[in-house]
4 protein chains.
Amino acid sequence: MKLWQKDKTTVASVEKFTVGKDRDMDIYLAPYDILGSLAHIRMLESVGLLSKKELEKLSAGLRAIYRQILSGDFKLEEEVEDIHSQVEFILTKELGDMGKKIHSGRSRNDQVLVDIKLFLRAAIEKLVFEVKDFFDLLMAKSEEYKDYLYPGYTHLQIAMPSSFGLWFGAYAESLTDDLLIMQAAYRVVNKNPLGSAAGYGSSFPLKRKITTSLLGFEDLNYNVVYAQMGRGKTERIVAQALSNIAATLAKMSMDACLFMNQNFGFISFPDELTTGSSIMPHKKNPDVFELIRAHCNRIQSLPNEINLITANLPSGYHRDLQLLKENLFPAFETLSDCLQMASLMYNHIRIQKNILKDEKYKYLFSVEEVNKLVLQGMAFRDAYKKVGKDIESGNFSHSGEIRHTHEGSIGNLCNDEIKRSMELTLQLFPFEKVNQKIRSLIA
Amino acid sequence: MKLWQKDKTTVASVEKFTVGKDRDMDIYLAPYDILGSLAHIRMLESVGLLSKKELEKLSAGLRAIYRQILSGDFKLEEEVEDIHSQVEFILTKELGDMGKKIHSGRSRNDQVLVDIKLFLRAAIEKLVFEVKDFFDLLMAKSEEYKDYLYPGYTHLQIAMPSSFGLWFGAYAESLTDDLLIMQAAYRVVNKNPLGSAAGYGSSFPLKRKITTSLLGFEDLNYNVVYAQMGRGKTERIVAQALSNIAATLAKMSMDACLFMNQNFGFISFPDELTTGSSIMPHKKNPDVFELIRAHCNRIQSLPNEINLITANLPSGYHRDLQLLKENLFPAFETLSDCLQMASLMYNHIRIQKNILKDEKYKYLFSVEEVNKLVLQGMAFRDAYKKVGKDIESGNFSHSGEIRHTHEGSIGNLCNDEIKRSMELTLQLFPFEKVNQKIRSLIA
Amino acid sequence: MKLWQKDKTTVASVEKFTVGKDRDMDIYLAPYDILGSLAHIRMLESVGLLSKKELEKLSAGLRAIYRQILSGDFKLEEEVEDIHSQVEFILTKELGDMGKKIHSGRSRNDQVLVDIKLFLRAAIEKLVFEVKDFFDLLMAKSEEYKDYLYPGYTHLQIAMPSSFGLWFGAYAESLTDDLLIMQAAYRVVNKNPLGSAAGYGSSFPLKRKITTSLLGFEDLNYNVVYAQMGRGKTERIVAQALSNIAATLAKMSMDACLFMNQNFGFISFPDELTTGSSIMPHKKNPDVFELIRAHCNRIQSLPNEINLITANLPSGYHRDLQLLKENLFPAFETLSDCLQMASLMYNHIRIQKNILKDEKYKYLFSVEEVNKLVLQGMAFRDAYKKVGKDIESGNFSHSGEIRHTHEGSIGNLCNDEIKRSMELTLQLFPFEKVNQKIRSLIA
Amino acid sequence: MKLWQKDKTTVASVEKFTVGKDRDMDIYLAPYDILGSLAHIRMLESVGLLSKKELEKLSAGLRAIYRQILSGDFKLEEEVEDIHSQVEFILTKELGDMGKKIHSGRSRNDQVLVDIKLFLRAAIEKLVFEVKDFFDLLMAKSEEYKDYLYPGYTHLQIAMPSSFGLWFGAYAESLTDDLLIMQAAYRVVNKNPLGSAAGYGSSFPLKRKITTSLLGFEDLNYNVVYAQMGRGKTERIVAQALSNIAATLAKMSMDACLFMNQNFGFISFPDELTTGSSIMPHKKNPDVFELIRAHCNRIQSLPNEINLITANLPSGYHRDLQLLKENLFPAFETLSDCLQMASLMYNHIRIQKNILKDEKYKYLFSVEEVNKLVLQGMAFRDAYKKVGKDIESGNFSHSGEIRHTHEGSIGNLCNDEIKRSMELTLQLFPFEKVNQKIRSLIA
């Protein structure tokens with residue numbers, strides 16, 4: 001069944017090729033397609049294109065399908081092209097020609113646009129809370145291990161003392177910036193494209209502000225040509241925002257792999273969280289971190305993939321855009337898995353005590369000694385040279401003491417400030433307002 | 001002269017290779033390096049590490065260099081390694097050992113971090129106003145040409161009527177979303193990394209909130225390990241934000257090239273804005289748009305370049321980060337050039353009247369006819385089939401009238417709403433507050 | 001069942017996360033894993049690590065599994081970790097402890113390395129023949145339509161006459177260069193990594209040249225550290241080679257979409273090969289070409305994805321490499337689908353006659369007129385200026401004749417030379433020799 | 001001076017923007033532009049479009065300019081648009097109108113196409129010899145350090161013994177595969193596009209096989225539309241080939257940074273080859289390796305940048321292609337610098353002896369012990385379990401002996417085979433034949 005079929009049938013191989021994986025992708029969109037339709041028909045009724053009675057019946061029908069989707073029972077029938085057709089098909093079977101009216105004043109172009117935006121909005125919300133949970137864990141670990149020092153490196157050469165308080169806290173703070181960008185992406189997502197039809201508007205007397213309000217959008221994509229242009233662009237912007245979180249996780253995983261390496265030996269994990277080798281009986285490998293790193297690096301390649309598919313396409317819809325769903329939609333699940341696995345690991349991390357006692361780390365303290373001399377009145381450059389010469393001649397010694405007191409240093413992590421910063425960013429997401437609207441719509 | 005040189009000299013080829021283009025890049029950073037130092041020494045004085053008199057003399061010295069930089073007279077001397085060294089060198093020549101004290105409690109790592117952030121902050125500000133100017137032009141052109149219809153395409157096939165009012169407006173609205181993302185990038189930039197030293201903090205009793213306030217930053221990068229991690233990450237986030245603006249410009253340029261093509265013939269430009277061919281005497285080529293498109297596509301490759309350089313590097317500074325400046329810094333100028341050239345072109349655009357009179361465009365009106373039947377009471381699917389059959393049999397006719405009245409459509413562009421949306425986004429940038437702080441600092 | 005399991009069991013979520021989609025990917029590798037094992041055990045027997053009898057029984061067991069795989073009946077059992085374990089498990093069930101011996105002197109690392117190389121070798125071979133079929137079609141169409149002229153564009157502006165003979169021929173010739181690169185990729189693939197164990201060799205007295213010969217490899221990856229380094233690198237090189245073919249297909253599809261556009265109207269296709277719109281009854285959209293373009297653009301993003309996953313990983317195996325299979329392996333099928341769909345389309349293409357009769361194309365002939373004057377003795381620059389002035393003043397006229405006779409021009413397509421070039425490249429692939437070896441191995 | 005200028009002058013800002021950095025890029029192309037012209041006019045004479053006398057004078061003039069270019073005295077005058085115009089301008093100043101004839105039967109499009117191909121051909125030749133020099137160094141170091149063992153890692157966990165013989169040899173062998181791909185890229189480059197004019201051929205009776213032979217090309221790009229399509233495609237293919245060499249260098253540099261890290265401490269370098277810190281007097285940083293890594297990672301981003309600029313452009317020349325030169329041409333110099341710096345470093349490398357004596361590496365020998373039991377008759381899985389239990393219970397001991405004898409292992413590096421493989425690949429490049437042709441042309 002195709003909405004657009006006239007007399008001639010499409011060649012089967014063309015149909016198979018053009019549909020591709022799109023029916024699988026439509027499963028992601030299914031509940032949001034219903035929400036879009038619920039808002040659309042309420043608007044149609046308000047402008048007189050549906051009767052009150054039609055609205056009631058259609059709404060009831062749509063809500064029934066919505067519940068079916070949530071329960072996991074819904075699926076696209078073999079011969080049905082897409083989610084929009086499946087829904088119309090069910091309604092028509094139940095309600096006769098009235099069922100076809102849900103498509104009035106819409107094109108599949110703006111229907112899928114709004115579906116994608118509603119899906120992304122919900123997926124971002126879920127992700128943000130998962131990020132927040134992971135953030136909380138990192139903050140807790142930062143406190144727990146604030147006195148566990150390890151050698152800080154620059155150029156991968158030992159540099160100055162660091163601490164696991166700093167290490168955990170750094171990645172927590174990184175997530176606060178990542179969510180700042182995600183929040184802007186959310187705002188781009190949270191604008192209503194519905195009513196743009198095929199990308200050039202419609203002669204129906206639509207009231208786009210009504211659907212905007214019903215669906216809890218912050219605003220409209222006003223210009224209909226721009227609303228259509230949002231396809232591809234929205235995906236890219238969301239992929240960029242995902243890539244930042246992914247970059248934070250990937251970097252932390254690289255650190256973890258390095259710190260688990262026997263030459264470092266700073267951290268370890270229970271055997272049950274590591275994997276072995278088919279030929280080396282001593283192996284306890286950090287596969288979880290390697291796969292987090294790899295998944296997150298792949299997510300970082302997503303914006304570029306989207307760019308390559310959309311580059312140099314003139315304005316107006318192109319079928320190419322269909323493929324953007326296939327790697328973006330599952331990326332949310334992947335990132336969620338990565339966050340959960342990272343949480344599992346860090347919940348069971350064992351950190352080595354007294355790492356810095358090892359003689360090989362003594363030069364970490366060279367700056368401390370330089371600074372001591374400076375605070376005693378010696379010019380910095382002279383102190384630097386004196387300590388440098390002590391090192392060369394083998395006369396360097398140090399007290400092993402560290403007194404870093406300024407903001408964000410070993411002795412003053414400022415974790416409360418970082419938490420406050422996270423809170424402020426979270427408050428910028430209007431989740432509650434949005435969810436209230438959605439609850440009203442399906443009630 | 002090297003700040004870190006002890007006795008042995010580095011091999012010349014190593015020096016040449018490691019310095020690379022960095023001295024050129026430092027010219028971008030020069031004024032911001034002074035600003036950072038001005039704030040830093042004022043803080044040093046407040047914690048007793050400089051006397052009031054030293055502060056005065058050093059401040060005067062720094063402000064003199066700042067003026068020299070703004071006047072264009074400043075340059076790095078041959079044998080000087082970088083901007084930080086050059087400044088210290090000048091001060092020491094004038095003020096003796098006191099000059100060396102500006103480096104107390106800092107590493108070049110956090111000095112360049114703060115320089116980059118101050119540079120990016122200023123560069124974003126300049127760009128935002130340029131984007132706003134271009135936005136205003138697009139809005140004006142949208143009004144001017146709101147009655148100039150052209151065929152809207154989907155799948156590059158004629159679809160439904162569009163207008164140049166919509167076309168210009170769409171790209172204007174696109175810029176409002178682009179600036180939403182840029183604003184988030186600005187917030188990431190606008191946090192103070194100074195005081196993180198080599199990325200692990202310092203034993204000096206620094207007061208990082210003082211420099212934060214003096215430099216007009218919104219907040220700190222608290223955790224010193226995270227402050228250092230901001231290198232690479234900040235660049236990537238800014239590059240992503242640039243890439244969105246670039247994508248908008250590139251797409252519009254693709255449209256322009258297509259619309260100038262003789263098969264479309266929708267728009268044209270004065271000969272003086274086009275270029276010719278060495279063998280074809282009839283040519284008037286849209287080179288400006290092709291080069292905007294190419295420059296902007298290249299800018300879209302920047303985040304990926306940054307990703308490739310930084311992927312899988314563990315935490316802590318690596319010299320690799322130096323190269324990130326080389327393509328990112330000039331990208332601001334390139335984007336600025338592209339905006340100016342696009343403005344020049346659209347200021348002189350000539351748009352064809354009555355494009356839709358051409359018989360080949362008649363099917364653009366098929367949806368209008370379908371909708372008419374629907375508004376007369378026919379079910380949508382039936383109307384769709386009837387008009388489809390009229391087309392097949394050659395009996396399709398239409399009135400040529402378009403009455404699109406809903407928000408964002410041909411007859412109701414909602415340009416005022418789009419302008420308001422732009423205004424609201426612009427107000428989120430705290431430019432005035434920042435600039436006031438900077439003016440105080442150099443006064 | 002895990003080959004490496006000792007006493008403790010891995011946490012279920014860790015197992016699920018680390019296995020990921022790898023069991024699906026192993027289905028691609030299954031037949032090649034058997035081939036690798038058949039060669040390996042024959043080598044083991046030759047160095048005395050297996051008895052002749054053991055070799056016979058194990059070989060028979062492996063061949064039975066091979067036939068099962070080819071028949072489509074083979075699958076990984078729920079609790080089995082990977083293809084290597086499944087094969088060992090089946091053999092052990094049948095033959096007892098003897099079954100375990102196929103793993104002697106191997107690690108899963110070099111087992112999967114050789115599996116991937118054998119898979120890629122076969123996948124490339126299949127693809128090369130598909131490319132050749134498409135090449136033949138393009139050559140045939142080039143001959144068929146050599147007299148069908150169309151306007152050639154530069155800068156998307158009408159430039160000089162072209163022909164569909166040239167158009168089809170150009171993409172055919174493009175494929176000859178694409179296969180040159182693919183042939184080099186094949187040579188990189190066609191070297192034997194088996195015997196490198198976990199990437200550092202083995203104390204078993206392996207004879208790697210024996211397995212090299214048995215598996216039909218051209219040569220060895222000698223150095224065992226390099227053999228392991230081939231993972232990731234081989235995938236990248238193959239992905240680059242795929243990306244070239246993809247780029248050729250994508251560009252041709254862009255042309256096709258443009259030429260189908262009503263403003264051009266150069267080509268069309270039967271309705272059954274196009275798709276419609278849910279709201280516009282007149283639509284006949286080129287979805288097939290749009291999706292070829294998008295799929296091929298995505299394939300062009302593959303090398304970069306691989307780069308991002310592998311960038312900055314030090315030498316030695318990392319679990320990250322597992323993910324490289326997930327997009328690369330299916331890319332062969334996608335490219336195959338694209339070639340088949342493009343063939344279907346071009347087999348049914350309808351090309352407009354007499355396109356150049358349209359008045360709007362007359363300036364295409366300006367160079368012809370310039371050249372005529374030059375051949376009559378006028379200096380080129382003067383002729384260029386004269387014709388340019390004729391155009392400006394409206395006095396330009398032309399004969400409509402084209403006489404291009406040089407190699408590769410409208411009148412002299414050189415398709416025979418292009419076919420010869422393709423033949424020469426094809427002969428460089430040692431497919432027959434390789435297949436003979438494989439047939440011997442499974443006989 | 002513009003070849004294509006008629007009456008109206010282009011606006012200055014348009015001229016500045018469209019020329020961009022192209023005049024700088026033309027300096028790379030200058031000598032090759034002369035070579036192309038020398039071949040072209042000899043062909044023109046052979047078909048009667050130039051007299052013998054004109055050929056002589058023009059050839060003499062071109063050779064004089066060629067010598068000037070080689071001596072470094074040549075430059076583009078301020079007002080001259082490009083290299084082609086500059087050459088024509090010089091010739092016309094000397095020889096009058098005859099000078100203009102060198103452009104007959106050519107467009108700047110095919111002139112720049114052939115220039116780029118000649119430049120790339122020469123640049124690849126130079127690079128190949130530099131790679132060969134570095135390969136020789138790695139082979140020599142592999143022999144020198146073949147008895148220096150170090151711990152091999154998988155998953156960054158200690159795995160099995162490796163050696164610096166293997167380490168150096170692995171990267172040498174990697175270069176042999178890299179040159180296989182480069183050789184295919186060279187073949188794509190080494191085909192003659194000259195005679196394709198603006199991409200649609202010419203009515204002049206050109207003999208393209210003559211210029212093909214004179215310029216030493218292996219073959220023609222026959223189809224003129226394909227010849228033009230080679231622009232962008234050739235650059236991408238060469239960039240892919242560069243990226244492989246870059247990937248090899250980058251990975252080796254990552255290893256070097258890790259091995260220099262104090263936790264590993266496997267290798268070190270003289271102070272003069274390392275750099276210091278402005279605050280940490282003990283630092284000896286591996287900046288050279290970090291910058292090789294970063295430069296090489298950036299080179300790996302080049303093919304993607306080219307893809308983004310060219311994606312979805314229909315066939316025919318577009319001005320966008322101009323920008324492809326700007327990052328590709330300098331990449332050859334960068335890669336050359338990286339090879340030289342890597343050579344400098346490895347020439348002075350100091351490798352730690354007896355690394356494996358350290359107790360922490362003892363489990364490296366676990367596989368040796370397993371294999372010993374297997375060779376004594378125990379089943380592999382049982383031996384694996386026994387050794388695993390010994391490790392768990394603290395009873396593991398080992399002899400410290402390694403006897404790896406198979407091809408490519410610690411005890412049998414197969415460096416001669418690797419050298420032979422390199423030789424065979426080098427012989428595939430027809431450098432001598434090409435250079436002979438070029439020498440004839442300029443003689």
# chains A, B, ... in the order shown; residues from 1 in each chain; ligands from 1

$ interface_residues --of "chain A" --to "chain D" --cutoff "7 Å" --atoms "only C-alpha atoms" --output "list in words"
His155, Leu156, Gln157, Ile158, Cys257, Leu258, Asn261, Gln262, Asn263, Phe264, Ile279, Met280, Pro281, His282, Asn285, Pro286, Leu308, Ala311, Asn312, Leu313, Tyr363, Ser366, Val367, Tyr384, Val387, Gly388 and Ile391 of chain A

$ atom_distance --atom1 "atom CA of C:Lys52" --atom2 "atom CA of C:Asp110"
24.3 Å

$ closest_residue --among "C:Leu441, C:Asn244, C:Asn297, C:Met378" --to "D:Asp97" --atoms "only C-alpha atoms"
C:Met378

$ select_by_dssp --residues "stretch 228-302 of chain D" --states "helix (DSSP H, G or I)" --output "PyMOL selection string"
chain D and resi 228-260+271-273+287-300+302

$ atom_distance --atom1 "atom CA of B:Asp33" --atom2 "atom CA of B:Cys338"
28.3 Å

$ closest_residue --among "B:Leu428, B:Ile27, B:Ile41, B:Ile418" --to "B:Thr176" --atoms "only C-alpha atoms"
B:Ile418

$ residues_around --residues "D:Ala227" --least-positions-apart "4" --cutoff "7 Å" --atoms "only C-alpha atoms" --output "mmCIF file with N, CA and C atoms, in the first residue's frame"
data_model
loop_
_atom_site.group_PDB
_atom_site.id
_atom_site.type_symbol
_atom_site.label_atom_id
_atom_site.label_comp_id
_atom_site.auth_asym_id
_atom_site.auth_seq_id
_atom_site.Cartn_x
_atom_site.Cartn_y
_atom_site.Cartn_z
ATOM 1 N N PRO D 193 45.805 14.472 -19.578
ATOM 2 C CA PRO D 193 44.507 15.120 -19.784
ATOM 3 C C PRO D 193 44.560 16.207 -20.867
ATOM 4 N N SER D 196 41.824 18.168 -23.629
ATOM 5 C CA SER D 196 40.399 18.100 -23.292
ATOM 6 C C SER D 196 39.758 19.490 -23.277
ATOM 7 N N GLY D 199 36.905 20.713 -21.128
ATOM 8 C CA GLY D 199 36.276 19.504 -20.614
ATOM 9 C C GLY D 199 35.341 18.877 -21.635
ATOM 10 N N ASN D 221 44.201 10.190 -20.459
ATOM 11 C CA ASN D 221 42.800 10.213 -20.053
ATOM 12 C C ASN D 221 42.051 10.433 -21.352
ATOM 13 N N TYR D 222 41.483 9.387 -21.914
ATOM 14 C CA TYR D 222 40.922 9.505 -23.266
ATOM 15 C C TYR D 222 39.738 10.441 -23.306
ATOM 16 N N ASN D 223 38.654 9.988 -22.753
ATOM 17 C CA ASN D 223 37.392 10.732 -22.789
ATOM 18 C C ASN D 223 37.583 12.132 -22.191
#

$ closest_residue --among "D:Ile210, D:Val80, D:Ile237, D:Leu175" --to "D:Ser46" --atoms "only C-alpha atoms"
D:Ile210

$ atom_distance --atom1 "atom CA of B:Phe431" --atom2 "atom CA of A:Glu407"
25.7 Å

$ residues_around --residues "stretch 12-14 of chain D" --least-positions-apart "5" --cutoff "9 Å" --atoms "only C-alpha atoms" --output "compact mmCIF listing (two decimals) with N, CA, C and O atoms, in the first residue's frame"
# COMPACT_ATOMS: atom_id res chain seq x y z
N GLU B 272 30.24 42.76 -13.96
CA GLU B 272 31.42 43.07 -13.14
C GLU B 272 31.56 42.14 -11.94
O GLU B 272 32.58 42.12 -11.28
N LEU B 273 30.49 41.41 -11.62
CA LEU B 273 30.55 40.49 -10.48
C LEU B 273 30.71 39.04 -10.93
O LEU B 273 30.69 38.13 -10.11
N THR B 274 30.84 38.84 -12.24
CA THR B 274 31.04 37.49 -12.73
C THR B 274 32.40 37.43 -13.43
O THR B 274 33.05 38.45 -13.59
N ASP B 287 31.75 32.56 -10.23
CA ASP B 287 32.91 32.13 -9.43
C ASP B 287 32.79 32.50 -7.97
O ASP B 287 33.25 31.76 -7.09
N VAL B 288 32.22 33.65 -7.69
CA VAL B 288 32.12 34.06 -6.29
C VAL B 288 31.34 33.04 -5.48
O VAL B 288 31.76 32.61 -4.41
N MET B 341 31.32 38.87 0.58
CA MET B 341 31.14 38.65 -0.85
C MET B 341 29.68 38.27 -1.15
O MET B 341 29.11 38.71 -2.15
N LEU B 344 27.74 41.43 -1.12
CA LEU B 344 27.96 42.18 -2.37
C LEU B 344 27.09 41.61 -3.49
O LEU B 344 26.43 42.35 -4.23
N VAL D 19 40.79 35.24 -6.79
CA VAL D 19 42.19 34.84 -6.95
C VAL D 19 42.71 34.17 -5.68
O VAL D 19 43.35 33.13 -5.72

$ residues_around --residues "D:Gln340" --least-positions-apart "3" --cutoff "12 Å" --atoms "only C-alpha atoms" --output "MDAnalysis selection string"
(chainID B and resid 13:14 17) or (chainID D and resid 127 129:135 137 249 288:289 292 333:337 343:347)

$ write_last_selection --atoms "N, CA and C atoms" --output "compact mmCIF listing (two decimals), in the first residue's frame"
# COMPACT_ATOMS: atom_id res chain seq x y z
N SER B 13 67.46 22.26 13.15
CA SER B 13 66.36 21.70 12.37
C SER B 13 65.20 21.31 13.28
N VAL B 14 65.52 20.86 14.49
CA VAL B 14 64.47 20.55 15.46
C VAL B 14 63.73 21.84 15.83
N PHE B 17 61.49 22.90 12.92
CA PHE B 17 60.34 22.01 12.76
C PHE B 17 59.31 22.21 13.87
N LEU D 127 59.03 12.12 -3.14
CA LEU D 127 58.59 11.52 -1.88
C LEU D 127 58.97 10.04 -1.80
N PHE D 129 61.46 8.50 -3.01
CA PHE D 129 62.87 8.31 -2.65
C PHE D 129 63.13 8.66 -1.18
N GLU D 130 62.42 9.65 -0.69
CA GLU D 130 62.55 9.98 0.73
C GLU D 130 62.03 8.85 1.61
N VAL D 131 60.92 8.26 1.18
CA VAL D 131 60.39 7.11 1.92
C VAL D 131 61.41 5.97 1.89
N LYS D 132 62.00 5.77 0.71
CA LYS D 132 63.00 4.69 0.59
C LYS D 132 64.18 4.95 1.54
N ASP D 133 64.64 6.17 1.65
CA ASP D 133 65.74 6.47 2.57
C ASP D 133 65.36 6.13 4.01
N PHE D 134 64.15 6.51 4.36
CA PHE D 134 63.70 6.25 5.72
C PHE D 134 63.54 4.74 5.94
N PHE D 135 63.04 4.07 4.94
CA PHE D 135 62.92 2.61 4.99
C PHE D 135 64.30 1.99 5.24
N LEU D 137 66.87 3.28 6.68
CA LEU D 137 67.26 3.53 8.06
C LEU D 137 66.56 2.57 9.02
N LEU D 249 53.74 6.83 9.83
CA LEU D 249 54.59 7.72 10.64
C LEU D 249 53.93 8.12 11.95
N VAL D 288 59.25 16.61 18.85
CA VAL D 288 59.39 16.23 17.44
C VAL D 288 58.39 15.13 17.09
N PHE D 289 58.30 14.14 17.93
CA PHE D 289 57.37 13.05 17.63
C PHE D 289 55.91 13.50 17.73
N ILE D 292 55.26 15.34 14.50
CA ILE D 292 55.13 14.41 13.37
C ILE D 292 53.75 13.78 13.42
N GLU D 333 55.58 18.73 1.21
CA GLU D 333 56.71 19.28 1.99
C GLU D 333 56.61 18.86 3.45
N THR D 334 55.41 18.90 3.97
CA THR D 334 55.22 18.52 5.37
C THR D 334 55.63 17.07 5.59
N LEU D 335 55.21 16.21 4.70
CA LEU D 335 55.53 14.80 4.85
C LEU D 335 57.03 14.59 4.70
N SER D 336 57.63 15.35 3.81
CA SER D 336 59.08 15.28 3.64
C SER D 336 59.79 15.73 4.92
N ASP D 337 59.33 16.82 5.50
CA ASP D 337 59.91 17.27 6.78
C ASP D 337 59.76 16.20 7.86
N SER D 343 63.95 10.59 10.73
CA SER D 343 65.28 10.01 10.47
C SER D 343 66.30 10.57 11.46
N LEU D 344 66.27 11.87 11.64
CA LEU D 344 67.19 12.50 12.60
C LEU D 344 67.03 11.85 13.97
N MET D 345 65.81 11.68 14.40
CA MET D 345 65.57 11.12 15.73
C MET D 345 66.07 9.68 15.82
N TYR D 346 65.66 8.85 14.88
CA TYR D 346 66.02 7.43 15.00
C TYR D 346 67.52 7.21 14.79
N ASN D 347 68.14 8.13 14.08
CA ASN D 347 69.60 8.04 13.97
C ASN D 347 70.29 8.23 15.32

$ residues_around --residues "A:Gly216" --least-positions-apart "3" --cutoff "6 Å" --atoms "only C-alpha atoms" --output "ChimeraX atom specification"
/A:213,434,437

$ write_last_selection --atoms "all heavy atoms" --output "PDB file, in the first residue's frame"
ATOM      1  N   SER A 213       2.009  24.781  20.106  1.00  0.00           N
ATOM      2  CA  SER A 213       1.673  24.766  21.526  1.00  0.00           C
ATOM      3  C   SER A 213       1.296  23.367  21.992  1.00  0.00           C
ATOM      4  O   SER A 213       1.753  22.903  23.042  1.00  0.00           O
ATOM      5  CB  SER A 213       0.523  25.749  21.774  1.00  0.00           C
ATOM      6  OG  SER A 213       0.020  25.563  23.076  1.00  0.00           O
ATOM      7  N   VAL A 434       7.550  20.568  28.567  1.00  0.00           N
ATOM      8  CA  VAL A 434       7.312  19.758  27.370  1.00  0.00           C
ATOM      9  C   VAL A 434       6.505  18.512  27.722  1.00  0.00           C
ATOM     10  O   VAL A 434       5.517  18.177  27.057  1.00  0.00           O
ATOM     11  CB  VAL A 434       8.665  19.370  26.724  1.00  0.00           C
ATOM     12  CG1 VAL A 434       8.493  18.214  25.744  1.00  0.00           C
ATOM     13  CG2 VAL A 434       9.303  20.580  26.042  1.00  0.00           C
ATOM     14  N   LYS A 437       2.802  19.019  28.291  1.00  0.00           N
ATOM     15  CA  LYS A 437       2.062  19.159  27.035  1.00  0.00           C
ATOM     16  C   LYS A 437       1.783  17.797  26.405  1.00  0.00           C
ATOM     17  O   LYS A 437       0.670  17.535  25.928  1.00  0.00           O
ATOM     18  CB  LYS A 437       2.886  20.002  26.047  1.00  0.00           C
ATOM     19  CG  LYS A 437       3.006  21.457  26.432  1.00  0.00           C
ATOM     20  CD  LYS A 437       1.707  22.204  26.153  1.00  0.00           C
ATOM     21  CE  LYS A 437       1.913  23.707  26.309  1.00  0.00           C
ATOM     22  NZ  LYS A 437       0.726  24.460  25.831  1.00  0.00           N
TER      23      LYS A 437
END

$ residues_around --residues "B:Arg403" --least-positions-apart "6" --cutoff "9 Å" --atoms "only C-alpha atoms" --output "PyMOL selection string"
(chain A and resi 202-204) or (chain B and resi 368+410-411)

$ closest_residue --among "C:Arg439, C:His318, C:His40, C:Lys209" --to "C:Gly105" --atoms "only C-alpha atoms"
C:His40

$ closest_residue --among "D:Arg231, D:Lys146, D:Lys57, D:Lys325" --to "D:Val189" --atoms "only C-alpha atoms"
D:Arg231
